[in-house]
>>> print(open('my_file.cif').read())   # mmCIF, C-alpha atoms
data_data
#
loop_
_atom_site.label_atom_id
_atom_site.label_comp_id
_atom_site.auth_asym_id
_atom_site.auth_seq_id
_atom_site.Cartn_x
_atom_site.Cartn_y
_atom_site.Cartn_z
CA MET A 3 165.31 222.27 186.61
CA ASP A 4 162.71 220.31 188.54
CA THR A 5 160.45 223.38 188.94
CA CYS A 6 160.82 224.23 185.24
CA PHE A 7 159.92 220.64 184.26
CA ASN A 8 156.82 220.60 186.45
CA ARG A 9 155.53 223.86 184.94
CA SER A 10 156.08 222.56 181.39
CA HIS A 11 154.34 219.26 182.19
CA SER A 12 151.45 221.12 183.80
CA THR A 13 151.04 223.33 180.72
CA LYS A 14 151.01 220.30 178.39
CA THR A 15 148.46 218.54 180.59
CA ASN A 16 146.17 221.58 180.52
CA LEU A 17 146.46 221.78 176.74
CA VAL A 18 145.51 218.10 176.39
CA LYS A 19 142.53 218.61 178.71
CA LYS A 20 141.37 221.67 176.77
CA THR A 21 141.71 219.78 173.48
CA ALA A 22 139.72 216.86 174.87
CA VAL A 23 136.97 219.20 176.11
CA VAL A 24 136.74 220.92 172.73
CA SER A 25 136.63 217.53 170.99
CA GLU A 26 133.86 216.32 173.32
CA GLU A 27 131.90 219.51 172.73
CA MET A 28 132.21 219.09 168.96
CA THR A 29 131.13 215.45 169.21
CA SER A 30 128.17 216.36 171.39
CA GLN A 31 126.97 218.73 168.67
CA ILE A 32 126.92 215.95 166.06
CA ARG A 33 123.48 214.39 165.67
CA LEU A 34 122.43 211.23 163.83
CA ARG A 35 118.69 211.24 163.15
CA LEU A 36 116.30 208.59 161.81
CA LEU A 37 113.22 210.11 160.18
CA PRO A 38 110.29 210.17 160.47
CA SER A 39 110.90 208.02 163.57
CA ALA A 40 113.47 205.67 165.07
CA LYS A 41 110.65 203.12 165.33
CA CYS A 42 108.99 201.81 162.18
CA LEU A 43 107.74 198.68 160.49
CA PHE A 44 110.26 196.30 158.94
CA ASP A 45 109.17 197.10 155.39
CA GLU A 46 109.23 200.89 155.81
CA PRO A 47 112.16 203.10 154.79
CA VAL A 48 113.86 205.53 157.15
CA GLN A 49 115.77 208.67 156.26
CA VAL A 50 119.25 208.67 157.82
CA LYS A 51 120.67 212.16 158.38
CA VAL A 52 123.76 213.50 160.18
CA ALA A 53 124.25 217.15 161.23
CA GLY A 54 126.96 219.03 163.12
CA LEU A 55 129.97 217.74 161.18
CA ARG A 56 132.75 220.00 159.88
CA SER A 57 132.20 221.45 156.44
CA ARG A 58 133.11 218.78 153.83
CA GLN A 59 134.14 216.33 156.54
CA VAL A 60 134.50 212.72 155.34
CA VAL A 61 133.02 210.14 157.72
CA THR A 62 132.13 206.47 157.87
CA MET A 63 128.50 205.44 158.36
CA ARG A 64 127.90 202.02 159.88
CA ALA A 65 124.97 199.69 160.57
CA ARG A 66 124.99 196.63 162.80
CA SER A 67 122.38 194.04 163.77
CA THR A 68 122.19 190.60 165.37
CA ASP A 69 119.78 187.98 164.01
CA GLU A 70 117.75 185.33 165.87
CA LYS A 71 120.67 182.89 165.73
CA GLY A 72 123.03 185.40 167.35
CA VAL A 73 124.93 186.09 164.11
CA VAL A 74 126.13 189.68 163.75
CA PHE A 75 125.55 191.44 160.41
CA SER A 76 127.12 194.79 159.56
CA SER A 77 127.77 197.29 156.78
CA SER A 78 129.72 200.52 156.31
CA ALA A 79 129.95 203.32 153.75
CA THR A 80 132.02 206.49 153.37
CA TYR A 81 130.24 209.84 152.99
CA LYS A 82 131.33 213.44 152.55
CA ALA A 83 129.37 216.14 154.37
CA ASN A 84 128.13 219.20 152.48
CA GLY A 85 129.22 222.77 153.22
CA ASN A 86 126.89 222.88 156.22
CA GLY A 87 128.38 219.74 157.77
CA GLU A 88 125.37 217.57 156.89
CA VAL A 89 125.01 214.09 155.42
CA ASP A 90 121.67 212.89 154.05
CA LEU A 91 121.53 209.32 152.70
CA GLU A 92 118.57 210.23 150.49
CA ARG A 93 120.70 212.87 148.75
CA ASP A 94 124.36 212.03 149.15
CA PRO A 95 126.29 209.21 147.46
CA SER A 96 128.41 206.66 149.26
CA LEU A 97 132.00 207.08 148.05
CA SER A 98 133.14 203.60 149.06
CA GLY A 99 132.32 200.70 151.36
CA SER A 100 129.56 198.09 151.26
CA TYR A 101 127.96 199.95 148.33
CA VAL A 102 128.51 203.12 146.28
CA GLY A 103 126.15 205.78 144.98
CA VAL A 104 122.91 207.21 146.36
CA GLU A 105 121.20 204.37 148.23
CA PRO A 106 118.92 205.66 151.04
CA MET A 107 118.54 202.17 152.55
CA GLY A 108 121.91 200.80 151.46
CA LEU A 109 123.22 200.36 155.00
CA LEU A 110 120.38 197.90 155.65
CA TRP A 111 120.32 195.71 152.55
CA SER A 112 124.13 195.57 152.26
CA MET A 113 124.68 194.16 155.77
CA ARG A 114 126.64 190.92 155.83
CA ALA A 115 128.00 188.51 158.41
CA ASP A 116 131.76 188.28 158.99
CA THR A 117 131.72 184.71 157.65
CA LEU A 118 130.38 183.49 154.30
CA HIS A 119 127.08 181.74 153.61
CA LYS A 120 124.98 183.26 156.39
CA LEU A 121 121.27 183.93 155.92
CA PHE A 122 119.84 186.67 158.14
CA GLN A 123 117.33 184.87 160.34
CA LYS A 124 114.27 186.96 161.26
CA ASN A 125 111.27 184.65 161.23
CA ARG A 126 109.54 185.32 164.54
CA SER A 127 107.16 188.25 164.52
CA LEU A 128 107.02 189.48 168.13
CA ASN A 129 110.54 190.90 168.43
CA PRO A 130 111.70 193.85 166.32
CA HIS A 131 114.66 193.86 163.96
CA VAL A 132 117.04 196.17 165.85
CA VAL A 133 119.67 198.06 163.85
CA LYS A 134 122.39 200.23 165.37
CA PHE A 135 123.37 203.12 163.09
CA SER A 136 126.52 205.09 163.86
CA VAL A 137 128.80 207.73 162.33
CA HIS A 138 132.58 207.57 162.79
CA GLU A 139 135.68 209.59 162.08
CA LEU A 140 137.44 208.34 158.97
CA GLU A 141 140.87 208.99 160.44
CA GLY A 142 142.70 207.01 163.11
CA GLU A 143 140.74 204.38 164.98
CA GLY A 144 137.40 205.55 163.64
CA ARG A 145 136.10 207.19 166.82
CA MET A 146 132.30 207.12 167.02
CA LEU A 147 130.76 210.59 166.77
CA ALA A 148 127.05 209.75 167.11
CA GLU A 149 124.68 206.80 167.05
CA ALA A 150 120.99 205.96 166.85
CA THR A 151 118.95 202.76 167.21
CA ASN A 152 116.30 201.78 164.67
CA GLU A 153 113.62 199.37 165.90
CA ARG A 154 111.98 197.77 162.87
CA PHE A 155 108.80 195.98 163.97
CA LEU A 156 107.29 193.07 162.07
CA ILE A 157 103.87 193.18 163.70
CA GLY A 158 101.95 196.46 163.72
CA ASP A 159 99.74 197.99 166.40
CA GLY A 160 96.52 196.09 166.94
CA VAL A 161 97.40 193.13 164.71
CA SER A 162 96.58 189.86 166.49
CA ARG A 163 98.79 186.79 166.33
CA VAL A 164 97.14 183.43 167.09
CA PRO A 165 98.87 180.03 166.77
CA VAL A 166 96.49 177.61 165.05
CA LYS A 167 96.16 173.81 165.31
CA GLU A 168 93.10 172.86 163.31
CA GLY A 169 92.59 169.33 162.04
CA ARG A 170 95.82 168.13 160.46
CA PHE A 171 97.45 171.50 159.79
CA HIS A 172 99.02 174.04 162.07
CA GLY A 173 100.15 177.59 161.43
CA VAL A 174 99.91 181.15 162.71
CA LEU A 175 96.96 183.46 161.98
CA PHE A 176 97.45 187.23 161.75
CA THR A 177 94.38 189.48 161.80
CA PRO A 178 94.32 193.27 161.33
CA PRO A 179 92.62 195.51 163.90
CA GLY A 180 89.08 196.74 163.26
CA GLU A 181 85.81 195.09 162.35
CA GLY A 182 86.80 194.26 158.78
CA LEU A 183 85.89 192.88 156.38
CA PHE A 184 89.33 191.90 155.05
CA PRO A 185 90.70 189.84 152.15
CA ALA A 186 92.25 186.51 153.15
CA VAL A 187 95.69 185.20 152.16
CA LEU A 188 97.38 181.86 152.77
CA ASP A 189 101.12 182.47 153.09
CA LEU A 190 102.75 179.20 152.09
CA CYS A 191 106.31 179.09 153.42
CA THR A 192 108.62 176.30 152.34
CA PHE A 193 109.91 176.38 155.92
CA MET A 194 108.05 178.24 158.67
CA SER A 195 108.46 181.99 158.83
CA GLU A 196 106.06 184.60 160.21
CA LYS A 197 107.74 187.64 158.67
CA ARG A 198 105.88 187.92 155.37
CA ALA A 199 102.50 187.02 156.88
CA CYS A 200 102.47 189.58 159.67
CA LEU A 201 103.84 192.33 157.41
CA LEU A 202 100.98 191.63 154.99
CA ALA A 203 98.47 191.67 157.87
CA ASN A 204 99.72 195.17 158.71
CA LYS A 205 98.42 196.17 155.27
CA GLY A 206 94.87 194.99 155.93
CA PHE A 207 94.85 191.28 155.07
CA VAL A 208 93.87 188.30 157.22
CA VAL A 209 96.90 186.04 156.72
CA LEU A 210 97.51 182.45 157.73
CA ALA A 211 101.16 181.35 157.64
CA VAL A 212 101.58 177.62 156.98
CA SER A 213 104.80 175.79 156.15
CA VAL A 214 105.15 173.17 153.44
CA TYR A 215 107.71 171.26 155.51
CA ASN A 216 107.48 170.64 159.24
CA ASP A 217 110.19 168.00 159.09
CA LYS A 218 113.46 167.44 157.27
CA PRO A 219 112.57 167.16 153.53
CA ASP A 220 114.28 163.76 153.22
CA ASN A 221 111.77 162.38 155.73
CA ILE A 222 108.76 163.43 153.62
CA LYS A 223 107.95 160.68 151.10
CA GLU A 224 104.64 162.08 149.84
CA MET A 225 102.71 165.35 150.02
CA HIS A 226 98.93 165.67 150.52
CA LEU A 227 97.06 168.61 149.07
CA ASP A 228 94.23 167.93 151.54
CA TYR A 229 96.45 169.33 154.30
CA PHE A 230 96.67 172.69 152.55
CA LYS A 231 92.98 172.64 151.56
CA GLU A 232 92.16 172.50 155.28
CA ALA A 233 94.12 175.73 155.67
CA VAL A 234 92.13 177.33 152.82
CA ASP A 235 88.86 176.19 154.42
CA PHE A 236 89.93 177.55 157.79
CA LEU A 237 90.68 180.98 156.29
CA GLN A 238 87.32 181.10 154.52
CA GLN A 239 85.55 180.56 157.86
CA GLN A 240 87.19 183.47 159.68
CA PRO A 241 84.61 186.08 160.80
CA LYS A 242 86.65 189.06 159.57
CA VAL A 243 87.13 187.61 156.09
CA GLY A 244 84.87 189.40 153.63
CA ASN A 245 85.27 187.21 150.57
CA LYS A 246 84.95 183.43 150.36
CA GLY A 247 87.84 183.30 147.93
CA VAL A 248 91.43 183.36 149.18
CA GLY A 249 94.80 184.39 147.82
CA ILE A 250 98.01 182.39 148.11
CA LEU A 251 101.52 183.81 148.48
CA SER A 252 104.35 181.38 147.69
CA ARG A 253 108.02 181.04 146.78
CA SER A 254 110.31 178.18 145.76
CA LYS A 255 108.91 174.68 146.53
CA ALA A 256 105.76 176.30 147.97
CA GLY A 257 105.12 177.67 144.48
CA ASP A 258 104.05 174.35 142.96
CA ILE A 259 101.83 173.63 145.96
CA ALA A 260 100.14 176.99 145.35
CA LEU A 261 99.68 176.15 141.66
CA SER A 262 98.13 172.81 142.60
CA LEU A 263 95.72 174.42 145.03
CA ALA A 264 94.61 176.83 142.31
CA ALA A 265 94.13 173.94 139.84
CA PHE A 266 92.39 171.42 142.11
CA VAL A 267 90.77 173.29 145.03
CA PRO A 268 87.77 175.64 144.61
CA GLY A 269 87.91 179.11 146.14
CA VAL A 270 91.50 180.06 145.26
CA GLU A 271 91.12 183.40 143.49
CA ALA A 272 94.68 184.73 143.36
CA VAL A 273 98.13 183.10 143.42
CA VAL A 274 101.49 184.83 143.74
CA TRP A 275 104.18 182.43 142.47
CA ILE A 276 107.76 183.57 143.13
CA ASN A 277 110.81 181.71 141.79
CA GLY A 278 109.24 178.28 141.83
CA CYS A 279 108.72 175.40 139.45
CA SER A 280 106.08 174.78 136.77
CA ALA A 281 105.81 171.15 137.83
CA ASN A 282 105.30 169.25 141.07
CA ALA A 283 108.87 169.09 142.36
CA ILE A 284 110.62 166.44 144.44
CA THR A 285 107.70 164.61 146.13
CA PRO A 286 104.56 162.91 144.75
CA LEU A 287 101.36 164.86 145.42
CA TYR A 288 98.13 163.21 146.58
CA TYR A 289 94.60 164.56 146.88
CA LYS A 290 91.58 162.72 148.26
CA LYS A 291 93.70 159.58 148.65
CA SER A 292 94.74 159.49 144.99
CA LYS A 293 98.03 160.52 143.42
CA ILE A 294 97.38 163.53 141.23
CA LEU A 295 100.95 164.51 140.26
CA SER A 296 104.18 162.56 139.97
CA PRO A 297 107.39 164.14 141.26
CA LEU A 298 109.80 166.06 139.03
CA LEU A 299 113.15 164.81 140.26
CA ILE A 300 116.37 166.69 140.92
CA ASP A 301 119.80 165.44 139.87
CA LEU A 302 122.43 166.93 142.17
CA SER A 303 125.21 165.54 140.01
CA LYS A 304 124.42 168.46 137.68
CA ALA A 305 125.28 170.98 140.40
CA ILE A 306 128.02 173.45 139.51
CA PRO A 307 130.68 173.93 142.21
CA THR A 308 132.05 177.40 143.03
CA GLU A 309 135.25 178.59 144.67
CA SER A 310 133.35 179.61 147.81
CA GLY A 311 132.28 176.00 148.38
CA ALA A 312 128.61 176.65 147.53
CA ILE A 313 126.96 174.94 144.58
CA ILE A 314 124.82 176.37 141.79
CA GLY A 315 121.75 174.16 141.53
CA LYS A 316 119.95 176.06 138.78
CA TYR A 317 120.16 173.22 136.25
CA CYS A 318 119.69 170.26 138.59
CA THR A 319 115.94 169.99 138.05
CA ASN A 320 114.93 167.62 135.28
CA ASN A 321 113.15 169.07 132.25
CA PRO A 322 109.42 169.20 133.07
CA LEU A 323 108.52 169.37 129.36
CA ALA A 324 110.23 166.07 128.56
CA GLU A 325 107.82 163.30 127.58
CA GLU A 326 108.65 161.21 130.64
CA ASN A 327 107.83 164.16 132.94
CA GLN A 328 104.43 165.16 131.56
CA ALA A 329 102.68 163.69 134.62
CA THR A 330 104.54 166.15 136.85
CA LEU A 331 103.17 169.32 135.20
CA VAL A 332 100.53 171.20 137.18
CA PRO A 333 97.39 171.70 135.02
CA ILE A 334 97.17 175.41 135.78
CA GLU A 335 94.74 175.94 132.89
CA LYS A 336 92.06 174.44 135.19
CA ALA A 337 92.43 177.31 137.68
CA LYS A 338 89.55 179.77 137.98
CA GLY A 339 91.64 182.40 139.76
CA HIS A 340 94.40 184.76 138.64
CA PHE A 341 98.16 184.29 138.68
CA LEU A 342 101.04 186.66 139.31
CA PHE A 343 104.22 184.94 138.12
CA VAL A 344 107.48 186.43 139.41
CA ALA A 345 110.91 185.29 138.21
CA SER A 346 114.45 186.42 138.98
CA GLU A 347 116.83 185.97 136.05
CA ASP A 348 119.82 185.57 138.38
CA ASP A 349 118.11 182.86 140.42
CA LEU A 350 120.89 180.30 140.90
CA ASN A 351 118.69 177.81 142.73
CA TRP A 352 116.11 177.10 140.00
CA ASP A 353 115.69 178.15 136.38
CA SER A 354 112.68 180.20 137.46
CA LYS A 355 112.51 182.35 134.35
CA ALA A 356 112.30 179.27 132.11
CA PHE A 357 109.59 177.75 134.33
CA MET A 358 107.63 181.00 134.24
CA ASP A 359 107.86 181.16 130.43
CA GLN A 360 106.58 177.58 130.24
CA MET A 361 103.52 178.42 132.32
CA VAL A 362 102.75 181.58 130.37
CA GLU A 363 102.96 179.60 127.12
CA ARG A 364 100.72 176.85 128.54
CA LEU A 365 98.02 179.32 129.60
CA LYS A 366 98.15 181.12 126.26
CA ARG A 367 97.85 177.79 124.44
CA HIS A 368 94.62 177.15 126.37
CA GLY A 369 93.28 180.60 125.56
CA LYS A 370 93.72 181.89 129.11
CA GLU A 371 94.37 185.52 130.03
CA ASN A 372 94.14 185.16 133.82
CA PHE A 373 97.79 185.92 134.50
CA GLU A 374 100.46 188.58 134.60
CA SER A 375 104.20 188.15 134.89
CA VAL A 376 107.11 190.16 136.27
CA CYS A 377 110.80 189.51 135.65
CA TYR A 378 113.75 190.96 137.58
CA PRO A 379 116.98 190.69 135.53
CA ARG A 380 119.63 190.89 138.29
CA ALA A 381 117.68 189.61 141.30
CA GLY A 382 118.29 186.29 143.03
CA HIS A 383 116.13 183.46 144.38
CA LEU A 384 115.39 184.80 147.86
CA LEU A 385 112.99 187.65 147.13
CA GLU A 386 111.69 188.86 150.51
CA PRO A 387 109.83 191.89 151.90
CA PRO A 388 112.21 194.83 151.48
CA TYR A 389 115.08 196.22 153.54
CA GLY A 390 116.50 193.03 155.00
CA PRO A 391 120.15 192.00 154.41
CA HIS A 392 120.66 190.42 150.99
CA CYS A 393 121.81 186.79 151.10
CA ARG A 394 123.75 185.46 148.11
CA SER A 395 124.47 182.00 149.55
CA SER A 396 123.65 179.87 152.59
CA PHE A 397 122.94 176.29 153.68
CA HIS A 398 120.34 174.57 151.47
CA LEU A 399 117.97 172.33 153.43
CA PHE A 400 117.05 170.24 150.35
CA ALA A 401 120.53 169.74 148.91
CA TRP A 402 121.93 169.55 152.46
CA GLN A 403 124.95 171.62 151.47
CA LEU A 404 125.92 175.23 150.81
CA ALA A 405 124.12 176.75 147.83
CA MET A 406 124.20 179.95 145.80
CA TRP A 407 120.96 181.93 145.62
CA GLY A 408 122.16 184.66 143.26
CA GLY A 409 121.33 188.32 142.93
CA GLU A 410 123.37 191.50 142.56
CA PRO A 411 122.69 193.22 145.93
CA ARG A 412 121.58 196.66 144.68
CA SER A 413 119.31 195.24 141.94
CA HIS A 414 117.94 192.57 144.27
CA ALA A 415 117.06 195.20 146.89
CA ALA A 416 115.29 197.35 144.29
CA ALA A 417 113.35 194.29 143.08
CA GLU A 418 112.14 193.57 146.62
CA VAL A 419 110.79 197.11 147.01
CA HIS A 420 108.96 196.94 143.68
CA LEU A 421 107.64 193.42 144.19
CA TRP A 422 106.29 194.01 147.70
CA LYS A 423 104.06 196.82 146.39
CA LYS A 424 103.10 194.75 143.35
CA ILE A 425 102.01 191.81 145.52
CA GLN A 426 99.70 193.99 147.60
CA GLU A 427 98.15 195.62 144.52
CA PHE A 428 97.59 192.24 142.85
CA LEU A 429 95.97 190.65 145.91
CA ARG A 430 93.72 193.65 146.53
CA SER A 431 92.55 193.74 142.93
CA HIS A 432 91.51 190.07 142.93
CA LEU A 433 90.38 189.63 146.54
CA SER A 434 88.14 192.66 146.98
CA CYS A 435 85.66 191.98 149.76
CA GLU A 436 81.91 191.89 149.19
CA ALA A 437 81.45 194.80 151.59
CA MET A 438 84.01 196.83 149.64
CA LYS A 439 82.25 195.99 146.35
CA THR A 440 78.88 197.09 147.76
CA LYS A 441 80.38 200.33 149.06
CA ALA A 442 81.94 201.02 145.66
CA LYS A 443 78.55 200.58 143.93
CA LEU A 444 76.89 202.99 146.37
#
>>> encode(input="my_file.cif", output="structure tokens")
Amino acid sequence: MDTCFNRSHSTKTNLVKKTAVVSEEMTSQIRLRLLPSAKCLFDEPVQVKVAGLRSRQVVTMRARSTDEKGVVFSSSATYKANGNGEVDLERDPSLSGSYVGVEPMGLLWSMRADTLHKLFQKNRSLNPHVVKFSVHELEGEGRMLAEATNERFLIGDGVSRVPVKEGRFHGVLFTPPGEGLFPAVLDLCTFMSEKRACLLANKGFVVLAVSVYNDKPDNIKEMHLDYFKEAVDFLQQQPKVGNKGVGILSRSKAGDIALSLAAFVPGVEAVVWINGCSANAITPLYYKKSKILSPLLIDLSKAIPTESGAIIGKYCTNNPLAEENQATLVPIEKAKGHFLFVASEDDLNWDSKAFMDQMVERLKRHGKENFESVCYPRAGHLLEPPYGPHCRSSFHLFAWQLAMWGGEPRSHAAAEVHLWKKIQEFLRSHLSCEAMKTKAKL
């Protein structure tokens, strides 16, 4: 009996070993590829492809990344291989998971943290956004079959990054490689972030990133436009800048500062205003030691609570068109440059679409045609360069509580792709360098 038992046990052990070897061989034949390269810029798409699966095999695709605060974001989606055992995210639909349908970059924009109200923090430019892609068996414990790492760089080859402390302002200057000449852009961030500025520098712009707030907003009792004019002057003096006029890129509170620069400061030739206000919000604005705009106040008692604990602040801002608030409106009709107004209809932070409509009407009333407007029906407040995780709610540094930003993830992601191209086209068309103009004439 003992001999018989040992032979049976030995046979079973050999079968298990053979099965494991076959399984390992099959797994080793499965390949997850990122095309055209596993390394790319943050705002560039990658094609995610899997080969070597069984015909019609159903698998789970996953993405995982850790932000600058150490918070882990992840996504997953179920895919069915074709007859050749291949999955291609540009061709094949997700059947279930973080999103459904054909979404080539869905694994990136649908990533979320395990806990609510987390904003993906990627503001420093020198370290890449690292994403781990993997493919897993659908059955059992979801054994990993293959993986690949995508390094998504914010700063491109040859782009210089120089911290600047000039006069009263400080920021970070990004300059493209080559002799130039390049158009110049002031990237006004409500709170400091280098992401948008360095990505724009990769496209051939000299960009200075400057934050509106360098302190807690409650500590700022007045704002001085002179501070931001110094930044404009600094940009105009850069040797690689080919046009004395500058562009301004802004969102949220930075939007009304950008409008004010266009209205009061010479040399501002193009302004991109994204989901901001038509009036000077929150803090009185001074220029050359005189108050030029009163503050449009916010009434947080009008905030709408939600089940998640975050508030909707869309209707907290007082009406800028009311008689008592006329002194808060930015006189944008005085601007010599051009405007690109961008509003998200599902912005839950501000009534951006209404503010945009007010500005369009104001310019038309003054006989102005120096503007264009874009509206995104299902996008939220936080429009960013594309392919980052969508954030629907997070901690609001003005309200000092959790706030809803809005946006249906798929529509918001599509809006970011469209807008990022639109911004570059707009800035190029209105900031063409003198050298480029001369070359065009020749």
>>> residues_around(input="my_file.cif", residues="Cys279 in chain A", least_positions_apart="3", cutoff="10 Å", atoms="only C-alpha atoms", output="PyMOL selection string")
chain A and resi 253-259+261+275-276+282-283+298+319+322+331-332+352-358+360-361
>>> closest_residue(input="my_file.cif", among="A:Leu110, A:Val132, A:Val73, A:Ala233", to="Val48 in chain A", atoms="only C-alpha atoms")
A:Leu110
>>> closest_residue(input="my_file.cif", among="A:Ser346, A:Thr330, A:Thr80, A:Ser252", to="Ser136 in chain A", atoms="only C-alpha atoms")
A:Thr80
>>> residues_around(input="my_file.cif", residues="Lys41 in chain A", least_positions_apart="6", cutoff="8 Å", atoms="only C-alpha atoms", output="PDB file with C-alpha atoms, keeping the file's coordinate frame")
ATOM      1  CA  ASN A 152     116.300 201.780 164.670  1.00  0.00           C
ATOM      2  CA  GLU A 153     113.620 199.370 165.900  1.00  0.00           C
ATOM      3  CA  ARG A 154     111.980 197.770 162.870  1.00  0.00           C
ATOM      4  CA  PHE A 155     108.800 195.980 163.970  1.00  0.00           C
TER       5      PHE A 155
END
>>> residues_around(input="my_file.cif", residues="Glu386 in chain A", least_positions_apart="3", cutoff="10 Å", atoms="all atoms listed in the file", output="number ranges by chain")
A: 45, 197-198, 253, 276, 383, 389-392, 414-415, 417-419, 421-422
>>> resolve_selection(input="my_file.cif", expression="the PyMOL selection byres ((chain A and resi 394) around 9)", output="CSV table (one decimal) with C-alpha atoms, keeping the file's coordinate frame")
chain,number,residue,atom,x,y,z
A,119,HIS,CA,127.1,181.7,153.6
A,120,LYS,CA,125.0,183.3,156.4
A,121,LEU,CA,121.3,183.9,155.9
A,382,GLY,CA,118.3,186.3,143.0
A,383,HIS,CA,116.1,183.5,144.4
A,384,LEU,CA,115.4,184.8,147.9
A,392,HIS,CA,120.7,190.4,151.0
A,393,CYS,CA,121.8,186.8,151.1
A,395,SER,CA,124.5,182.0,149.6
A,396,SER,CA,123.6,179.9,152.6
A,405,ALA,CA,124.1,176.8,147.8
A,406,MET,CA,124.2,180.0,145.8
A,407,TRP,CA,121.0,181.9,145.6
A,408,GLY,CA,122.2,184.7,143.3
A,409,GLY,CA,121.3,188.3,142.9
A,410,GLU,CA,123.4,191.5,142.6
A,411,PRO,CA,122.7,193.2,145.9
>>> residues_around(input="my_file.cif", residues="His172 in chain A", least_positions_apart="5", cutoff="10 Å", atoms="only C-alpha atoms", output="PyMOL selection string")
chain A and resi 165-167+210-213+216+229-230+232-233
>>> atom_distance(input="my_file.cif", atom1="CA of Leu147 in chain A", atom2="CA of Lys134 in chain A")
13.4 Å
>>> closest_residue(input="my_file.cif", among="A:Ala150, A:Val273, A:Gly108, A:Ala199", to="Gly173 in chain A", atoms="only C-alpha atoms")
A:Ala199
>>> residues_around(input="my_file.cif", residues="Lys336 in chain A", least_positions_apart="3", cutoff="8 Å", atoms="all atoms listed in the file", output="PyMOL selection string")
chain A and resi 264-266+333
>>> resolve_selection(input="my_file.cif", expression="the PyMOL selection byres ((chain A and resi 430) around 10)", output="VMD selection string")
chain A and resid 184 to 186 206 to 207 249 272 424 to 429 431 to 435
>>> resolve_selection(input="my_file.cif", expression="the PyMOL selection byres ((chain A and resi 55-63) around 8)", output="list in words")
Ile32, Val52, Ala53, Gly54, Arg64, Ala65, Ser78, Ala79, Thr80, Tyr81, Lys82, Ala83, Asn84, Gly85, Asn86, Gly87, Glu88, Phe135, Ser136, Val137, His138, Glu139, Leu140 and Gly144 of chain A
>>> closest_residue(input="my_file.cif", among="A:Phe44, A:Phe341, A:Tyr101, A:Phe75", to="Leu128 in chain A", atoms="all atoms listed in the file")
A:Phe44
